[in-house]
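Content type compact mmCIF, N, CA and C atoms, from the file my_file.txt:
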# COMPACT_ATOMS: atom_id res chain seq x y z
N MET J 1 0.85 -1.17 0.00
CA MET J 1 0.00 0.00 0.00
C MET J 1 0.90 1.23 0.00
N LYS J 2 0.47 2.26 -0.73
CA LYS J 2 1.22 3.50 -0.79
C LYS J 2 0.34 4.61 -0.23
N VAL J 3 0.91 5.42 0.65
CA VAL J 3 0.20 6.55 1.25
C VAL J 3 1.02 7.80 0.97
N VAL J 4 0.37 8.85 0.50
CA VAL J 4 1.04 10.12 0.24
C VAL J 4 0.54 11.13 1.26
N ILE J 5 1.47 11.76 1.94
CA ILE J 5 1.13 12.75 2.95
C ILE J 5 1.83 14.06 2.60
N GLU J 6 1.07 15.12 2.49
CA GLU J 6 1.67 16.44 2.28
C GLU J 6 1.54 17.19 3.60
N THR J 7 2.65 17.73 4.06
CA THR J 7 2.63 18.42 5.35
C THR J 7 3.66 19.53 5.37
N GLN J 8 3.67 20.25 6.45
CA GLN J 8 4.64 21.33 6.62
C GLN J 8 5.98 20.75 7.06
N GLU J 9 7.04 21.48 6.76
CA GLU J 9 8.41 21.05 7.07
C GLU J 9 8.57 20.71 8.56
N GLU J 10 7.89 21.41 9.43
CA GLU J 10 8.08 21.21 10.87
C GLU J 10 7.65 19.82 11.34
N TYR J 11 6.85 19.11 10.56
CA TYR J 11 6.39 17.78 10.95
C TYR J 11 7.21 16.66 10.33
N LYS J 12 8.20 17.00 9.54
CA LYS J 12 9.01 16.00 8.84
C LYS J 12 9.65 15.00 9.81
N ASN J 13 10.33 15.48 10.84
CA ASN J 13 11.00 14.59 11.80
C ASN J 13 10.02 13.67 12.51
N MET J 14 8.87 14.19 12.86
CA MET J 14 7.87 13.37 13.54
C MET J 14 7.41 12.24 12.63
N LEU J 15 7.19 12.52 11.35
CA LEU J 15 6.77 11.48 10.42
C LEU J 15 7.85 10.42 10.21
N VAL J 16 9.10 10.85 10.18
CA VAL J 16 10.21 9.89 10.06
C VAL J 16 10.24 8.98 11.28
N GLU J 17 10.06 9.53 12.46
CA GLU J 17 10.06 8.73 13.69
C GLU J 17 8.91 7.72 13.69
N ILE J 18 7.74 8.17 13.26
CA ILE J 18 6.58 7.26 13.21
C ILE J 18 6.85 6.13 12.22
N ALA J 19 7.35 6.47 11.05
CA ALA J 19 7.64 5.46 10.03
C ALA J 19 8.66 4.45 10.55
N THR J 20 9.67 4.93 11.25
CA THR J 20 10.70 4.04 11.82
C THR J 20 10.08 3.12 12.87
N ALA J 21 9.21 3.68 13.70
CA ALA J 21 8.59 2.90 14.77
C ALA J 21 7.70 1.79 14.23
N ILE J 22 7.04 2.01 13.12
CA ILE J 22 6.16 0.98 12.57
C ILE J 22 6.83 0.20 11.44
N LYS J 23 8.15 0.40 11.31
CA LYS J 23 8.95 -0.30 10.31
C LYS J 23 8.41 -0.09 8.89
N ALA J 24 8.05 1.13 8.60
CA ALA J 24 7.55 1.50 7.28
C ALA J 24 8.65 2.18 6.48
N LYS J 25 8.60 2.02 5.20
CA LYS J 25 9.54 2.71 4.32
C LYS J 25 8.99 4.12 4.10
N ILE J 26 9.86 5.11 4.19
CA ILE J 26 9.43 6.48 3.99
C ILE J 26 10.34 7.15 2.97
N THR J 27 9.73 7.85 2.04
CA THR J 27 10.45 8.60 1.02
C THR J 27 10.00 10.04 1.13
N ILE J 28 10.95 10.94 1.25
CA ILE J 28 10.62 12.36 1.41
C ILE J 28 11.03 13.10 0.14
N GLU J 29 10.07 13.75 -0.47
CA GLU J 29 10.33 14.55 -1.67
C GLU J 29 10.12 16.02 -1.31
N ASP J 30 11.15 16.78 -1.46
CA ASP J 30 11.06 18.21 -1.18
C ASP J 30 11.01 18.99 -2.48
N LYS J 31 10.00 18.73 -3.28
CA LYS J 31 9.88 19.45 -4.53
C LYS J 31 8.58 20.23 -4.55
N GLU J 32 8.63 21.35 -5.19
CA GLU J 32 7.43 22.16 -5.36
C GLU J 32 6.62 21.58 -6.51
N ILE J 33 5.34 21.44 -6.31
CA ILE J 33 4.47 20.94 -7.36
C ILE J 33 3.87 22.14 -8.09
N ASP J 34 4.02 22.14 -9.39
CA ASP J 34 3.46 23.21 -10.21
C ASP J 34 1.96 22.96 -10.35
N PHE J 35 1.16 23.82 -9.75
CA PHE J 35 -0.28 23.60 -9.76
C PHE J 35 -0.83 23.53 -11.17
N TRP J 36 -0.22 24.24 -12.11
CA TRP J 36 -0.70 24.26 -13.49
C TRP J 36 -0.70 22.84 -14.08
N GLU J 37 0.34 22.08 -13.78
CA GLU J 37 0.44 20.73 -14.32
C GLU J 37 -0.62 19.79 -13.73
N GLU J 38 -1.15 20.15 -12.58
CA GLU J 38 -2.16 19.31 -11.92
C GLU J 38 -3.58 19.61 -12.40
N LEU J 39 -3.77 20.71 -13.13
CA LEU J 39 -5.10 21.09 -13.57
C LEU J 39 -5.57 20.25 -14.75
N PRO J 40 -6.88 19.95 -14.82
CA PRO J 40 -7.42 19.26 -15.99
C PRO J 40 -7.30 20.15 -17.23
N GLU J 41 -7.23 19.53 -18.39
CA GLU J 41 -7.04 20.27 -19.63
C GLU J 41 -8.16 21.28 -19.89
N HIS J 42 -9.41 20.94 -19.56
CA HIS J 42 -10.51 21.89 -19.81
C HIS J 42 -10.38 23.13 -18.92
N VAL J 43 -9.82 22.99 -17.75
CA VAL J 43 -9.62 24.14 -16.86
C VAL J 43 -8.50 25.02 -17.41
N LYS J 44 -7.40 24.39 -17.86
CA LYS J 44 -6.32 25.16 -18.47
C LYS J 44 -6.82 25.95 -19.67
N ALA J 45 -7.64 25.30 -20.50
CA ALA J 45 -8.17 25.96 -21.70
C ALA J 45 -9.01 27.18 -21.32
N GLY J 46 -9.82 27.04 -20.29
CA GLY J 46 -10.66 28.15 -19.83
C GLY J 46 -9.84 29.31 -19.31
N ILE J 47 -8.79 29.01 -18.59
CA ILE J 47 -7.91 30.06 -18.05
C ILE J 47 -7.21 30.79 -19.19
N LEU J 48 -6.68 30.03 -20.14
CA LEU J 48 -5.98 30.65 -21.28
C LEU J 48 -6.94 31.50 -22.12
N GLU J 49 -8.16 31.02 -22.30
CA GLU J 49 -9.16 31.79 -23.04
C GLU J 49 -9.50 33.09 -22.32
N SER J 50 -9.67 33.03 -21.01
CA SER J 50 -10.01 34.23 -20.25
C SER J 50 -8.86 35.24 -20.26
N GLN J 51 -7.62 34.75 -20.24
CA GLN J 51 -6.47 35.65 -20.33
C GLN J 51 -6.45 36.37 -21.68
N GLU J 52 -6.77 35.64 -22.74
CA GLU J 52 -6.81 36.25 -24.07
C GLU J 52 -7.93 37.29 -24.15
N GLN J 53 -9.08 36.98 -23.60
CA GLN J 53 -10.19 37.94 -23.58
C GLN J 53 -9.80 39.20 -22.82
N TYR J 54 -9.10 39.04 -21.73
CA TYR J 54 -8.65 40.20 -20.95
C TYR J 54 -7.72 41.07 -21.78
N LYS J 55 -6.78 40.44 -22.49
CA LYS J 55 -5.85 41.19 -23.33
C LYS J 55 -6.59 41.97 -24.42
N GLN J 56 -7.72 41.44 -24.88
CA GLN J 56 -8.51 42.08 -25.93
C GLN J 56 -9.48 43.11 -25.36
N GLY J 57 -9.46 43.29 -24.05
CA GLY J 57 -10.34 44.27 -23.41
C GLY J 57 -11.76 43.76 -23.21
N LYS J 58 -11.97 42.48 -23.34
CA LYS J 58 -13.30 41.89 -23.19
C LYS J 58 -13.51 41.44 -21.74
N PHE J 59 -13.73 42.41 -20.87
CA PHE J 59 -13.97 42.09 -19.48
C PHE J 59 -14.75 43.23 -18.83
N SER J 60 -15.31 42.96 -17.67
CA SER J 60 -16.04 43.95 -16.89
C SER J 60 -15.41 44.04 -15.52
N SER J 61 -15.42 45.23 -14.96
CA SER J 61 -14.88 45.40 -13.61
C SER J 61 -15.86 44.81 -12.60
N HIS J 62 -15.37 44.58 -11.42
CA HIS J 62 -16.22 44.07 -10.34
C HIS J 62 -17.38 45.03 -10.09
N GLU J 63 -17.08 46.31 -10.09
CA GLU J 63 -18.11 47.32 -9.84
C GLU J 63 -19.21 47.27 -10.91
N GLU J 64 -18.82 47.09 -12.17
CA GLU J 64 -19.80 47.02 -13.26
C GLU J 64 -20.70 45.79 -13.10
N VAL J 65 -20.12 44.66 -12.78
CA VAL J 65 -20.90 43.44 -12.61
C VAL J 65 -21.84 43.57 -11.42
N MET J 66 -21.35 44.09 -10.32
CA MET J 66 -22.20 44.26 -9.14
C MET J 66 -23.36 45.21 -9.42
N ALA J 67 -23.09 46.30 -10.11
CA ALA J 67 -24.16 47.26 -10.45
C ALA J 67 -25.21 46.60 -11.33
N LYS J 68 -24.77 45.80 -12.29
CA LYS J 68 -25.69 45.10 -13.20
C LYS J 68 -26.63 44.20 -12.42
N TYR J 69 -26.09 43.40 -11.53
CA TYR J 69 -26.92 42.44 -10.81
C TYR J 69 -27.74 43.08 -9.68
N LYS J 70 -27.22 44.16 -9.11
CA LYS J 70 -28.03 44.88 -8.12
C LYS J 70 -29.25 45.49 -8.78
N ALA J 71 -29.06 46.03 -10.00
CA ALA J 71 -30.20 46.60 -10.73
C ALA J 71 -31.17 45.49 -11.16
N LYS J 72 -30.62 44.39 -11.65
CA LYS J 72 -31.45 43.28 -12.12
C LYS J 72 -32.32 42.71 -11.01
N TYR J 73 -31.75 42.54 -9.82
CA TYR J 73 -32.48 41.93 -8.71
C TYR J 73 -32.99 42.95 -7.71
N LYS J 74 -32.89 44.23 -8.08
CA LYS J 74 -33.39 45.34 -7.25
C LYS J 74 -32.87 45.25 -5.81
N LEU J 75 -31.54 45.15 -5.71
CA LEU J 75 -30.91 45.04 -4.40
C LEU J 75 -30.43 46.40 -3.93
Taking this structure as input, can you express it in the form of structure tokens?
Amino acid sequence: MKVVIETQEEYKNMLVEIATAIKAKITIEDKEIDFWEELPEHVKAGILESQEQYKQGKFSSHEEVMAKYKAKYKL
């Protein structure tokens, strides 16, 4: 069985001690995971499309969107 645990650096020694006590093999990887690589392709496509729309000026400010919906729902 394989178990993956992500934790803060301060708990590293404690996890090593636990693994030793239960005679488990422990492998520690100190690498940063690029969140982009973990995203599904459809999410990446949506992000890239929205960035392109922003560059083309196709966006609304938060204030504009809030005003639109406040007027629509009479808030």
Would you compute the box with edges along x, y and z of the file around stretch 5-24 of chain J, including every atom the file lists for it and 6 Å extra on each side, and give its centre and edge lengths in Å to one decimal, as AutoDock Vina command-line options?
--center_x 6.0 --center_y 10.6 --center_z 8.4 --size_x 21.9 --size_y 33.8 --size_z 24.8
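Rounded to one decimal, atom C of J:Glu63 and atom CA of J:Glu49 lie 22.1 Å from each other.
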Taking the DSSP assignment computed from this structure's backbone, write out as a PyMOL selection string all residues of stretch 2-69 of chain J that belong to alpha helix (DSSP H). chain J and resi 12-21+35-38+41-55+62-69
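Distance-wise, atom CA of J:Thr7 and atom CA of J:Pro40 end up 23.6 Å apart.
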Atomic distance atom C of J:Glu32 - atom CA of J:Ile5, expressed in Å with one decimal: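 Pair atom C of J:Glu32 / atom CA of J:Ile5 returns 14.1 Å.
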